[in-house]
file input.txt (compact mmCIF, C-alpha atoms and all ligand atoms)
# COMPACT_ATOMS: atom_id res chain seq x y z
CA MET W 15 -13.70 24.25 -11.24
CA SER W 16 -16.25 22.91 -8.84
CA THR W 17 -18.55 20.00 -9.61
CA THR W 18 -21.67 19.23 -7.68
CA THR W 19 -23.43 16.70 -9.90
CA LEU W 20 -21.89 13.36 -10.66
CA ASN W 21 -22.64 11.40 -13.82
CA LEU W 22 -20.71 8.34 -12.75
CA PRO W 23 -21.71 5.95 -15.59
CA LYS W 24 -20.53 8.52 -18.14
CA LEU W 25 -17.36 9.29 -16.20
CA TYR W 26 -16.50 5.63 -15.70
CA ALA W 27 -16.99 5.02 -19.43
CA GLU W 28 -14.35 7.70 -20.02
CA ALA W 29 -11.82 5.83 -17.89
CA GLN W 30 -9.42 3.92 -20.10
CA ASP W 31 -9.74 0.60 -18.38
CA PHE W 32 -6.54 -0.99 -19.65
CA MET W 33 -5.85 -1.98 -16.07
CA PRO W 34 -8.95 -3.67 -14.62
CA LEU W 35 -8.81 -3.62 -10.82
CA ASN W 36 -11.02 -6.00 -8.87
CA GLY W 37 -10.70 -4.13 -5.61
CA THR W 38 -8.35 -3.31 -2.73
CA ASP W 39 -6.43 -6.46 -1.80
CA TYR W 40 -4.68 -5.35 1.38
CA LEU W 41 -3.12 -2.29 3.00
CA GLU W 42 0.33 -2.65 4.53
CA LEU W 43 1.36 -0.23 7.26
CA TYR W 44 4.95 0.07 8.39
CA VAL W 45 4.74 0.54 12.15
CA GLY W 46 7.08 0.74 15.13
CA ASN W 47 5.63 -2.30 16.89
CA SER W 48 3.58 -4.64 14.70
CA LYS W 49 2.54 -6.89 17.55
CA GLN W 50 1.10 -4.04 19.61
CA ALA W 51 -0.44 -2.41 16.52
CA ALA W 52 -2.23 -5.69 15.72
CA HIS W 53 -3.59 -5.71 19.26
CA PHE W 54 -4.84 -2.12 18.83
CA TYR W 55 -6.61 -2.85 15.53
CA LYS W 56 -8.21 -5.92 17.10
CA SER W 57 -9.31 -4.46 20.42
CA ALA W 58 -10.22 -0.94 19.29
CA PHE W 59 -11.29 -1.40 15.65
CA GLY W 60 -12.74 -4.92 15.81
CA PHE W 61 -10.35 -6.66 13.42
CA GLN W 62 -9.70 -10.40 13.80
CA SER W 63 -6.36 -12.23 13.89
CA TYR W 64 -5.66 -13.72 10.46
CA ALA W 65 -2.07 -14.40 9.33
CA TYR W 66 1.52 -14.03 10.48
CA ALA W 67 4.98 -13.95 8.92
CA GLY W 68 8.16 -13.57 10.94
CA LEU W 69 10.91 -15.57 12.61
CA GLU W 70 8.64 -18.61 12.94
CA THR W 71 8.00 -18.65 9.18
CA GLY W 72 11.61 -18.07 8.16
CA GLN W 73 11.55 -14.25 7.87
CA ARG W 74 14.75 -12.88 9.38
CA ASP W 75 14.38 -9.13 8.90
CA ARG W 76 10.71 -8.33 9.49
CA GLU W 77 7.56 -9.40 11.27
CA SER W 78 4.05 -8.93 9.84
CA TYR W 79 0.69 -9.49 11.48
CA VAL W 80 -2.39 -9.57 9.25
CA VAL W 81 -5.77 -8.63 10.71
CA ILE W 82 -9.09 -8.84 8.89
CA GLN W 83 -12.61 -7.41 9.08
CA ASP W 84 -15.00 -8.41 6.29
CA LYS W 85 -13.18 -7.40 3.07
CA ILE W 86 -10.51 -5.26 4.79
CA LYS W 87 -7.07 -6.74 5.38
CA LEU W 88 -4.40 -4.74 7.21
CA VAL W 89 -0.80 -5.96 7.21
CA LEU W 90 1.19 -4.49 10.10
CA THR W 91 4.93 -4.77 9.53
CA SER W 92 7.94 -3.93 11.73
CA PRO W 93 11.66 -4.59 11.22
CA LEU W 94 13.52 -7.16 13.33
CA LYS W 95 16.85 -5.33 13.17
CA SER W 96 18.34 -1.90 12.52
CA GLY W 97 19.22 -0.41 9.16
CA THR W 98 16.37 -1.90 7.12
CA GLU W 99 14.29 -0.09 4.47
CA ILE W 100 11.28 -0.59 6.73
CA GLY W 101 13.12 0.93 9.69
CA LYS W 102 14.24 3.92 7.65
CA HIS W 103 10.66 4.41 6.44
CA ILE W 104 9.40 4.44 10.03
CA ASP W 105 12.20 6.75 11.17
CA LYS W 106 11.33 9.29 8.49
CA HIS W 107 7.54 9.06 8.36
CA GLY W 108 6.44 7.49 11.63
CA ASP W 109 3.75 4.80 11.35
CA GLY W 110 1.97 4.99 8.01
CA VAL W 111 0.64 3.26 4.91
CA LYS W 112 3.42 1.88 2.71
CA VAL W 113 1.44 -0.40 0.36
CA ILE W 114 -1.99 0.03 -1.20
CA ALA W 115 -2.31 -3.43 -2.76
CA LEU W 116 -4.71 -3.81 -5.66
CA TRP W 117 -6.28 -7.13 -6.68
CA VAL W 118 -5.79 -7.82 -10.39
CA ASP W 119 -6.29 -10.77 -12.75
CA ASP W 120 -2.76 -10.49 -14.14
CA ALA W 121 -0.03 -8.76 -12.14
CA THR W 122 2.47 -9.00 -15.01
CA VAL W 123 0.17 -7.28 -17.51
CA ALA W 124 -0.76 -4.61 -14.93
CA TYR W 125 2.92 -3.95 -14.23
CA ASN W 126 3.92 -3.85 -17.91
CA ASN W 127 1.02 -1.51 -18.74
CA ALA W 128 1.97 0.84 -15.92
CA MET W 129 5.68 0.78 -16.77
CA GLU W 130 5.02 1.46 -20.48
CA ARG W 131 3.02 4.49 -19.41
CA GLY W 132 5.76 5.94 -17.25
CA ALA W 133 5.48 4.38 -13.79
CA LYS W 134 8.52 3.99 -11.52
CA SER W 135 9.15 0.37 -10.56
CA PHE W 136 8.93 -0.78 -6.95
CA MET W 137 8.96 -4.54 -7.60
CA GLU W 138 9.20 -6.50 -10.85
CA PRO W 139 6.64 -9.30 -11.22
CA ARG W 140 7.60 -12.12 -8.88
CA ILE W 141 6.05 -15.53 -8.36
CA GLU W 142 5.60 -16.65 -4.77
CA GLU W 143 4.58 -20.27 -4.18
CA ASP W 144 3.71 -22.66 -1.42
CA ALA W 145 1.65 -25.85 -1.04
CA ASP W 146 -1.56 -23.83 -1.66
CA GLY W 147 -0.53 -22.55 -5.08
CA LYS W 148 1.08 -19.43 -6.43
CA VAL W 149 0.63 -15.69 -6.23
CA VAL W 150 2.18 -13.17 -8.61
CA ARG W 151 2.94 -9.71 -7.25
CA SER W 152 4.47 -6.62 -8.83
CA GLY W 153 4.60 -3.00 -7.73
CA ILE W 154 4.99 0.64 -8.74
CA TYR W 155 5.58 3.84 -6.83
CA THR W 156 2.91 6.49 -6.38
CA TYR W 157 3.17 9.75 -4.32
CA GLY W 158 5.95 9.99 -1.73
CA GLU W 159 7.33 6.58 -0.79
CA THR W 160 3.88 5.00 -1.05
CA VAL W 161 3.51 2.09 -3.50
CA HIS W 162 0.83 0.13 -5.32
CA VAL W 163 1.39 -3.61 -5.32
CA PHE W 164 -0.61 -5.60 -7.89
CA VAL W 165 -1.72 -8.96 -6.51
CA GLU W 166 -2.73 -11.84 -8.79
CA ARG W 167 -4.17 -14.66 -6.72
CA LYS W 168 -6.30 -16.69 -9.15
CA ASP W 169 -3.99 -19.74 -8.74
CA TYR W 170 -3.86 -19.50 -4.96
CA ASN W 171 -6.05 -21.23 -2.39
CA GLY W 172 -4.09 -20.32 0.72
CA LEU W 173 -5.13 -17.99 3.50
CA PHE W 174 -3.24 -14.82 2.54
CA LEU W 175 0.09 -15.02 0.72
CA PRO W 176 2.84 -17.63 0.46
CA GLY W 177 5.21 -17.19 3.40
CA TYR W 178 2.41 -16.48 5.85
CA LYS W 179 0.88 -18.94 8.29
CA ALA W 180 -2.49 -18.75 9.96
CA TRP W 181 -2.54 -16.58 13.07
CA ALA W 182 -5.31 -17.53 15.47
CA THR W 183 -5.95 -16.09 18.91
CA PRO W 184 -8.97 -18.08 20.08
CA ALA W 185 -8.75 -16.65 23.59
CA TYR W 186 -9.00 -13.05 22.40
CA ASN W 187 -10.98 -11.88 19.38
CA PRO W 188 -13.05 -8.80 20.20
CA LYS W 189 -16.30 -8.50 18.25
CA PRO W 190 -16.11 -6.85 14.79
CA VAL W 191 -17.57 -3.33 14.75
CA GLY W 192 -19.18 -3.59 11.30
CA LEU W 193 -16.41 -2.28 9.03
CA LYS W 194 -17.00 -3.76 5.55
CA TYR W 195 -14.59 -2.55 2.87
CA VAL W 196 -12.31 0.34 1.90
CA ASP W 197 -14.51 3.05 0.36
CA HIS W 198 -11.67 5.39 -0.63
CA MET W 199 -8.13 6.34 0.37
CA VAL W 200 -6.88 9.90 0.31
CA GLY W 201 -3.37 11.03 -0.55
CA ASN W 202 -1.85 14.33 0.60
CA VAL W 203 0.68 15.70 -1.89
CA GLU W 204 2.93 18.76 -1.95
CA LEU W 205 1.81 22.25 -2.99
CA GLY W 206 1.47 22.38 -6.77
CA LYS W 207 1.64 18.59 -7.17
CA MET W 208 -2.07 17.65 -7.20
CA ASN W 209 -2.40 17.84 -10.97
CA TYR W 210 0.81 15.90 -11.45
CA TRP W 211 -0.67 12.95 -9.51
CA VAL W 212 -4.07 13.37 -11.18
CA GLU W 213 -2.26 12.92 -14.51
CA PHE W 214 -0.31 9.98 -13.11
CA TYR W 215 -3.54 8.16 -12.24
CA GLU W 216 -5.04 9.07 -15.64
CA LYS W 217 -2.06 8.10 -17.78
CA VAL W 218 -0.43 5.29 -15.84
CA MET W 219 -3.48 3.64 -14.29
CA GLY W 220 -6.34 4.65 -16.65
CA PHE W 221 -8.28 6.41 -13.88
CA VAL W 222 -10.68 9.31 -14.43
CA ASN W 223 -11.17 12.51 -12.42
CA ILE W 224 -14.76 12.25 -11.12
CA LEU W 225 -14.89 15.27 -8.78
CA SER W 226 -12.90 18.42 -8.11
CA PHE W 227 -12.90 20.81 -5.17
CA ASP W 228 -11.06 24.08 -5.20
CA ASP W 229 -10.17 26.42 -2.35
CA ASN W 230 -13.59 28.07 -2.59
CA ASP W 231 -15.20 24.73 -1.73
CA ILE W 232 -12.70 23.79 0.97
CA SER W 233 -11.71 26.80 2.99
CA THR W 234 -12.30 28.33 6.38
CA GLU W 235 -11.39 31.77 7.60
CA TYR W 236 -7.81 30.58 8.06
CA THR W 237 -6.87 27.65 5.84
CA ALA W 238 -7.67 26.06 2.48
CA LEU W 239 -6.97 23.00 0.40
CA MET W 240 -7.74 21.64 -3.05
CA SER W 241 -8.78 18.12 -3.93
CA LYS W 242 -9.48 15.97 -6.99
CA VAL W 243 -11.07 12.54 -6.78
CA MET W 244 -9.64 9.86 -9.07
CA SER W 245 -11.54 6.63 -9.78
CA ASN W 246 -10.83 3.50 -11.75
CA GLY W 247 -13.24 2.35 -14.47
CA ASN W 248 -15.50 0.18 -12.30
CA GLY W 249 -15.61 2.68 -9.42
CA ARG W 250 -14.24 0.21 -6.87
CA ILE W 251 -11.04 2.16 -6.32
CA LYS W 252 -11.27 5.85 -5.44
CA PHE W 253 -8.27 7.99 -4.58
CA PRO W 254 -8.91 11.65 -3.74
CA ILE W 255 -5.67 13.67 -4.00
CA ASN W 256 -5.29 16.75 -1.76
CA GLU W 257 -2.84 19.60 -1.94
CA PRO W 258 -2.56 22.62 0.35
CA ALA W 259 -3.81 26.02 -0.86
CA GLU W 260 -2.82 29.51 0.24
CA GLY W 261 -4.46 30.59 3.49
CA LYS W 262 -3.82 32.91 6.39
CA LYS W 263 -2.55 30.02 8.51
CA LYS W 264 -1.00 26.60 8.01
CA SER W 265 -3.49 24.08 6.67
CA GLN W 266 -4.00 20.50 7.84
CA ILE W 267 -2.30 19.35 4.62
CA ASP W 268 0.82 21.40 5.43
CA GLU W 269 0.78 19.97 8.93
CA TYR W 270 0.58 16.44 7.52
CA LEU W 271 3.42 17.06 5.03
CA ASP W 272 5.59 18.54 7.80
CA PHE W 273 5.10 15.58 10.12
CA TYR W 274 5.06 12.74 7.56
CA GLU W 275 8.02 14.53 5.94
CA ASP W 276 6.64 13.55 2.54
CA ALA W 277 3.47 13.00 0.54
CA GLY W 278 1.49 10.04 1.84
CA VAL W 279 -1.85 8.50 2.75
CA GLN W 280 -3.93 10.93 4.80
CA HIS W 281 -6.97 8.82 5.55
CA ILE W 282 -8.49 5.43 4.98
CA ALA W 283 -12.27 5.59 4.60
CA VAL W 284 -14.03 2.38 5.58
CA ALA W 285 -17.67 1.61 4.89
CA THR W 286 -20.28 0.36 7.34
CA ASP W 287 -23.99 -0.50 6.96
CA ASP W 288 -24.78 0.86 10.42
CA ILE W 289 -22.71 3.90 11.27
CA ILE W 290 -24.50 4.54 14.55
CA GLY W 291 -23.75 1.02 15.83
CA THR W 292 -20.19 1.09 14.49
CA VAL W 293 -19.28 4.49 15.94
CA ARG W 294 -20.94 3.77 19.27
CA GLU W 295 -18.82 0.62 19.54
CA LEU W 296 -15.61 2.37 18.43
CA GLN W 297 -16.13 5.19 20.95
CA SER W 298 -16.77 2.69 23.74
CA ARG W 299 -13.42 1.09 22.86
CA GLY W 300 -11.54 4.37 23.11
CA ILE W 301 -11.31 5.56 19.49
CA GLU W 302 -11.31 9.38 19.49
CA PHE W 303 -13.24 11.30 16.83
CA LEU W 304 -13.26 14.89 15.63
CA ARG W 305 -16.25 16.78 16.98
CA VAL W 306 -18.14 19.63 15.36
CA PRO W 307 -20.08 22.14 17.51
CA THR W 308 -23.55 20.89 18.49
CA THR W 309 -24.98 23.88 16.57
CA TYR W 310 -24.18 21.81 13.44
CA TYR W 311 -27.24 19.71 14.31
CA ASP W 312 -29.57 22.70 14.75
CA VAL W 313 -29.70 23.26 10.99
CA LEU W 314 -28.78 19.78 9.76
CA LEU W 315 -32.22 18.64 8.64
CA ASP W 316 -32.91 21.98 6.94
CA ARG W 317 -29.74 21.42 4.94
CA VAL W 318 -30.02 17.71 4.05
CA GLY W 319 -33.78 17.10 4.23
CA PRO W 320 -35.37 13.98 5.71
CA ILE W 321 -33.12 11.08 6.71
CA ASP W 322 -33.88 7.61 8.10
CA GLU W 323 -31.86 8.08 11.29
CA ASP W 324 -32.91 9.85 14.47
CA LEU W 325 -31.04 13.10 15.02
CA GLU W 326 -30.24 12.44 18.69
CA PRO W 327 -27.78 9.53 18.31
CA LEU W 328 -26.08 11.33 15.41
CA LYS W 329 -25.64 14.39 17.60
CA ALA W 330 -24.52 12.35 20.62
CA LEU W 331 -21.88 10.52 18.57
CA GLY W 332 -20.86 13.47 16.35
CA ILE W 333 -21.79 11.82 13.04
CA LEU W 334 -22.03 14.17 10.04
CA VAL W 335 -24.54 14.01 7.17
CA ASP W 336 -24.44 15.34 3.62
CA ARG W 337 -26.67 14.97 0.57
CA ASP W 338 -26.08 15.01 -3.19
CA ASP W 339 -28.35 14.38 -6.19
CA GLU W 340 -28.36 10.63 -5.65
CA GLY W 341 -28.95 10.35 -1.93
CA TYR W 342 -27.15 11.05 1.30
CA LEU W 343 -24.17 9.84 3.29
CA LEU W 344 -23.16 9.74 6.93
CA GLN W 345 -19.52 10.13 7.94
CA ILE W 346 -17.19 10.77 10.85
CA PHE W 347 -13.42 11.15 11.17
CA THR W 348 -11.10 9.79 13.84
CA LYS W 349 -8.23 11.76 15.27
CA PRO W 350 -4.81 10.59 13.99
CA VAL W 351 -4.07 7.03 15.16
CA GLU W 352 -0.33 7.50 15.72
CA PRO W 353 1.80 10.04 17.63
CA ARG W 354 2.38 12.28 14.60
CA PRO W 355 -0.69 14.22 13.34
CA THR W 356 -0.73 12.22 10.09
CA MET W 357 -2.98 9.30 9.17
CA PHE W 358 -6.55 8.87 10.40
CA PHE W 359 -9.67 6.89 9.56
CA GLU W 360 -13.06 7.93 8.20
CA ILE W 361 -16.13 5.82 8.87
CA ILE W 362 -18.72 6.25 6.11
CA GLN W 363 -22.20 4.93 5.38
CA ARG W 364 -23.57 5.66 1.93
CA LYS W 365 -27.30 5.86 1.35
CA GLY W 366 -27.25 6.57 -2.37
CA ALA W 367 -24.77 9.42 -2.34
CA GLN W 368 -21.56 8.73 -4.25
CA SER W 369 -19.84 11.99 -3.28
CA PHE W 370 -17.56 12.81 -0.34
CA GLY W 371 -19.39 15.13 2.03
CA LYS W 372 -18.66 18.55 0.58
CA GLY W 373 -21.37 20.11 2.77
CA ASN W 374 -19.38 19.04 5.84
CA PHE W 375 -15.99 20.34 4.74
CA LYS W 376 -16.22 23.70 6.46
CA ALA W 377 -17.42 22.40 9.84
CA LEU W 378 -14.89 19.62 9.63
CA PHE W 379 -11.91 21.75 8.76
CA GLU W 380 -12.77 24.16 11.53
CA ALA W 381 -12.77 21.17 13.89
CA ILE W 382 -9.33 20.17 12.57
CA GLU W 383 -8.07 23.74 13.07
CA ARG W 384 -9.12 23.57 16.72
CA GLU W 385 -7.00 20.42 17.05
CA GLN W 386 -4.10 22.10 15.22
CA GLU W 387 -4.38 25.04 17.61
CA LEU W 388 -3.96 22.65 20.54
CA ARG W 389 -0.91 21.13 18.86
CA GLY W 390 0.58 24.54 18.08
CA THR W 391 0.71 23.74 14.37
CA LEU W 392 -1.94 26.09 12.92
FE FE2 W 401 -12.79 10.81 2.88

call {"tool": "encode", "arguments": {"input": "input.txt", "output": "structure tokens"}}
result
Amino acid sequence: MSTTTLNLPKLYAEAQDFMPLNGTDYLELYVGNSKQAAHFYKSAFGFQSYAYAGLETGQRDRESYVVIQDKIKLVLTSPLKSGTEIGKHIDKHGDGVKVIALWVDDATVAYNNAMERGAKSFMEPRIEEDADGKVVRSGIYTYGETVHVFVERKDYNGLFLPGYKAWATPAYNPKPVGLKYVDHMVGNVELGKMNYWVEFYEKVMGFVNILSFDDNDISTEYTALMSKVMSNGNGRIKFPINEPAEGKKKSQIDEYLDFYEDAGVQHIAVATDDIIGTVRELQSRGIEFLRVPTTYYDVLLDRVGPIDEDLEPLKALGILVDRDDEGYLLQIFTKPVEPRPTMFFEIIQRKGAQSFGKGNFKALFEAIEREQELRGTL
């Protein structure tokens, strides 16, 4: 089934909102070197130093740096010794997203609701306290080794979480690049498992399937994939789920699964109000983006109609445009941000459109195939 029109109010009403989610709280990445990763996210992506936990705060087995940009908080965690769960995670998957933390009013209720509906426990509700109050956190597994942690912080006035201290680097805080919040996060799952995880989000989390793409929507001459977009009841949390589809050659999803050695987070889409300014800044700081052939721009305005932006800077920067019934969107994708061809970022600016850029899929996946060709993984 392929859907092109979105009736979001109706779809959201169908979501069984037994688990109200206020938004994304933080994303925790397990990485080989948290200190250097923090420096990368600051210098290249415009995040600011925010919080720290490690030896100086009494942590003996791990070190975490928290960086922030508007509503986005990234926690970058590395082990301090061998043989830890974090170390094993990094050994198997490389750097990647471990925790998608969701902000809730009651982390115990969220956990109990999820467990009653069949979730696998990651962390029973636990109270963490310091002089600034208390936070309750609990957690469940989703695809692969990825987890959702529910964060209840209504009785907390501290900076981030108990156990963290402020991390300030007054001598070095590169300017933010205009990233505002997490728009959506995409999971890649194994062949034949997409509907399993769609049902998981429906049953366990009360989400609703708002869009579906089959291999007719997302295929090139060589490769294909299928995708379903899951959303919670207020639309603040959107999780597209991808699975590979049969093609003549190995798809980008197969490549991801081979190198991550599991299902996992494929990309983090972050919103900006000024994609031209944001992408210009990111490119000047060395972030590499996928590029489509310049012929894409020859027919762009015929395809999407009038847009506010000039075509030239979009073409120069490689920004893509798509339109749906409600408006249009601008988007661009980075190359993977770690050695393995796994996780990457999307920068997105929405001007009415609530969809995901279906009109760009073909050009985009052909661009990815050119990268796969270079890597010898197509
Ligand atoms: Fe996306």

call {"tool": "residues_near_ligand", "arguments": {"input": "input.txt", "ligand": "ligand FE2 401 (chain W)", "cutoff": "9 Å", "atoms": "only C-alpha atoms and all ligand atoms", "output": "mmCIF file with C-alpha atoms, keeping the file's coordinate frame"}}
result
data_model
loop_
_atom_site.group_PDB
_atom_site.id
_atom_site.type_symbol
_atom_site.label_atom_id
_atom_site.label_comp_id
_atom_site.auth_asym_id
_atom_site.auth_seq_id
_atom_site.Cartn_x
_atom_site.Cartn_y
_atom_site.Cartn_z
ATOM 1 C CA ASP W 197 -14.510 3.050 0.360
ATOM 2 C CA HIS W 198 -11.670 5.390 -0.630
ATOM 3 C CA MET W 199 -8.130 6.340 0.370
ATOM 4 C CA VAL W 200 -6.880 9.900 0.310
ATOM 5 C CA PRO W 254 -8.910 11.650 -3.740
ATOM 6 C CA HIS W 281 -6.970 8.820 5.550
ATOM 7 C CA ILE W 282 -8.490 5.430 4.980
ATOM 8 C CA ALA W 283 -12.270 5.590 4.600
ATOM 9 C CA VAL W 284 -14.030 2.380 5.580
ATOM 10 C CA GLN W 345 -19.520 10.130 7.940
ATOM 11 C CA PHE W 347 -13.420 11.150 11.170
ATOM 12 C CA PHE W 359 -9.670 6.890 9.560
ATOM 13 C CA GLU W 360 -13.060 7.930 8.200
ATOM 14 C CA ILE W 361 -16.130 5.820 8.870
ATOM 15 C CA ILE W 362 -18.720 6.250 6.110
ATOM 16 C CA PHE W 370 -17.560 12.810 -0.340
ATOM 17 C CA GLY W 371 -19.390 15.130 2.030
#

call {"tool": "residues_around", "arguments": {"input": "input.txt", "residues": "W:Thr356", "least_positions_apart": "6", "cutoff": "7 Å", "atoms": "all atoms listed in the file", "output": "JSON, numbers by chain"}}
result
{"W": [270, 273, 274, 280, 350]}

call {"tool": "atom_distance", "arguments": {"input": "input.txt", "atom1": "atom CA of W:Lys217", "atom2": "atom CA of W:Val123"}}
result
15.5 Å

call {"tool": "residues_around", "arguments": {"input": "input.txt", "residues": "W:Arg317", "least_positions_apart": "3", "cutoff": "12 Å", "atoms": "all atoms listed in the file", "output": "number ranges by chain"}}
result
W: 310-314, 320-321, 334-338, 342, 373-374

call {"tool": "residues_around", "arguments": {"input": "input.txt", "residues": "W:Gly172", "least_positions_apart": "2", "cutoff": "12 Å", "atoms": "all atoms listed in the file", "output": "PyMOL selection string"}}
result
chain W and resi 64-65+142-149+167-170+174-180

call {"tool": "residues_near_point", "arguments": {"input": "input.txt", "point": "(-8.7, -0.4, -16.5)", "cutoff": "7 Å", "atoms": "all atoms listed in the file", "output": "ChimeraX atom specification"}}
result
/W:30-35,219-220,246-247

call {"tool": "write_last_selection", "arguments": {"input": "input.txt", "atoms": "C-alpha atoms", "output": "PDB file, in the coordinates of the input"}}
result
ATOM      1  CA  GLN W  30      -9.420   3.920 -20.100  1.00  0.00           C
ATOM      2  CA  ASP W  31      -9.740   0.600 -18.380  1.00  0.00           C
ATOM      3  CA  PHE W  32      -6.540  -0.990 -19.650  1.00  0.00           C
ATOM      4  CA  MET W  33      -5.850  -1.980 -16.070  1.00  0.00           C
ATOM      5  CA  PRO W  34      -8.950  -3.670 -14.620  1.00  0.00           C
ATOM      6  CA  LEU W  35      -8.810  -3.620 -10.820  1.00  0.00           C
ATOM      7  CA  MET W 219      -3.480   3.640 -14.290  1.00  0.00           C
ATOM      8  CA  GLY W 220      -6.340   4.650 -16.650  1.00  0.00           C
ATOM      9  CA  ASN W 246     -10.830   3.500 -11.750  1.00  0.00           C
ATOM     10  CA  GLY W 247     -13.240   2.350 -14.470  1.00  0.00           C
TER      11      GLY W 247
END

call {"tool": "residues_around", "arguments": {"input": "input.txt", "residues": "W:Gly206", "least_positions_apart": "5", "cutoff": "10 Å", "atoms": "only C-alpha atoms", "output": "MDAnalysis selection string"}}
result
chainID W and resid 240 257:259

call {"tool": "atom_distance", "arguments": {"input": "input.txt", "atom1": "atom CA of W:Arg250", "atom2": "atom CA of W:Asn36"}}
result
7.3 Å

call {"tool": "residues_around", "arguments": {"input": "input.txt", "residues": "stretch 94-102 of chain W", "least_positions_apart": "6", "cutoff": "12 Å", "atoms": "all atoms listed in the file", "output": "compact mmCIF listing (two decimals) with C-alpha atoms, in the frame of the given file"}}
result
# COMPACT_ATOMS: atom_id res chain seq x y z
CA GLU W 42 0.33 -2.65 4.53
CA LEU W 43 1.36 -0.23 7.26
CA TYR W 44 4.95 0.07 8.39
CA VAL W 45 4.74 0.54 12.15
CA GLY W 46 7.08 0.74 15.13
CA ASN W 47 5.63 -2.30 16.89
CA SER W 48 3.58 -4.64 14.70
CA LYS W 49 2.54 -6.89 17.55
CA ALA W 67 4.98 -13.95 8.92
CA GLY W 68 8.16 -13.57 10.94
CA LEU W 69 10.91 -15.57 12.61
CA GLN W 73 11.55 -14.25 7.87
CA ARG W 74 14.75 -12.88 9.38
CA ASP W 75 14.38 -9.13 8.90
CA ARG W 76 10.71 -8.33 9.49
CA GLU W 77 7.56 -9.40 11.27
CA SER W 78 4.05 -8.93 9.84
CA GLY W 108 6.44 7.49 11.63
CA ASP W 109 3.75 4.80 11.35
CA GLY W 110 1.97 4.99 8.01
CA VAL W 111 0.64 3.26 4.91
CA LYS W 112 3.42 1.88 2.71
CA VAL W 113 1.44 -0.40 0.36
CA GLU W 159 7.33 6.58 -0.79

call {"tool": "closest_residue", "arguments": {"input": "input.txt", "among": "W:Ala377, W:Asp287, W:Glu138, W:His107", "to": "W:Pro353", "atoms": "all atoms listed in the file"}}
result
W:His107

call {"tool": "closest_residue", "arguments": {"input": "input.txt", "among": "W:Ile104, W:Ile267, W:Val150, W:Leu225", "to": "W:Ala238", "atoms": "all atoms listed in the file"}}
result
W:Ile267

call {"tool": "decode", "arguments": {"input": "input.txt", "residues": "stretch 297-306 of chain W", "atoms": "N, CA, C and O atoms", "output": "PDB file, in the first residue's frame"}}
result
ATOM      1  N   GLN W 297      28.720  22.656   6.117  1.00  0.00           N
ATOM      2  CA  GLN W 297      29.691  22.321   5.063  1.00  0.00           C
ATOM      3  C   GLN W 297      31.011  23.048   5.293  1.00  0.00           C
ATOM      4  O   GLN W 297      32.079  22.482   5.104  1.00  0.00           O
ATOM      5  N   SER W 298      30.921  24.288   5.775  1.00  0.00           N
ATOM      6  CA  SER W 298      32.160  25.044   6.014  1.00  0.00           C
ATOM      7  C   SER W 298      32.947  24.440   7.170  1.00  0.00           C
ATOM      8  O   SER W 298      34.146  24.653   7.302  1.00  0.00           O
ATOM      9  N   ARG W 299      32.259  23.673   8.027  1.00  0.00           N
ATOM     10  CA  ARG W 299      32.944  23.032   9.158  1.00  0.00           C
ATOM     11  C   ARG W 299      33.332  21.578   8.855  1.00  0.00           C
ATOM     12  O   ARG W 299      33.734  20.845   9.746  1.00  0.00           O
ATOM     13  N   GLY W 300      33.146  21.169   7.615  1.00  0.00           N
ATOM     14  CA  GLY W 300      33.665  19.863   7.201  1.00  0.00           C
ATOM     15  C   GLY W 300      32.674  18.723   7.185  1.00  0.00           C
ATOM     16  O   GLY W 300      33.045  17.586   6.907  1.00  0.00           O
ATOM     17  N   ILE W 301      31.393  18.983   7.493  1.00  0.00           N
ATOM     18  CA  ILE W 301      30.403  17.900   7.410  1.00  0.00           C
ATOM     19  C   ILE W 301      30.161  17.578   5.932  1.00  0.00           C
ATOM     20  O   ILE W 301      29.932  18.476   5.118  1.00  0.00           O
ATOM     21  N   GLU W 302      30.217  16.271   5.613  1.00  0.00           N
ATOM     22  CA  GLU W 302      30.047  15.829   4.225  1.00  0.00           C
ATOM     23  C   GLU W 302      28.611  15.376   3.992  1.00  0.00           C
ATOM     24  O   GLU W 302      28.058  14.634   4.811  1.00  0.00           O
ATOM     25  N   PHE W 303      28.038  15.798   2.876  1.00  0.00           N
ATOM     26  CA  PHE W 303      26.659  15.460   2.532  1.00  0.00           C
ATOM     27  C   PHE W 303      26.599  14.619   1.266  1.00  0.00           C
ATOM     28  O   PHE W 303      27.476  14.718   0.404  1.00  0.00           O
ATOM     29  N   LEU W 304      25.517  13.849   1.144  1.00  0.00           N
ATOM     30  CA  LEU W 304      25.244  13.147  -0.110  1.00  0.00           C
ATOM     31  C   LEU W 304      24.888  14.177  -1.166  1.00  0.00           C
ATOM     32  O   LEU W 304      24.212  15.166  -0.867  1.00  0.00           O
ATOM     33  N   ARG W 305      25.319  13.945  -2.382  1.00  0.00           N
ATOM     34  CA  ARG W 305      25.002  14.880  -3.466  1.00  0.00           C
ATOM     35  C   ARG W 305      24.236  14.163  -4.556  1.00  0.00           C
ATOM     36  O   ARG W 305      24.555  13.045  -4.921  1.00  0.00           O
ATOM     37  N   VAL W 306      23.204  14.827  -5.065  1.00  0.00           N
ATOM     38  CA  VAL W 306      22.478  14.301  -6.225  1.00  0.00           C
ATOM     39  C   VAL W 306      23.038  15.012  -7.458  1.00  0.00           C
ATOM     40  O   VAL W 306      23.647  16.077  -7.334  1.00  0.00           O
TER      41      VAL W 306
END
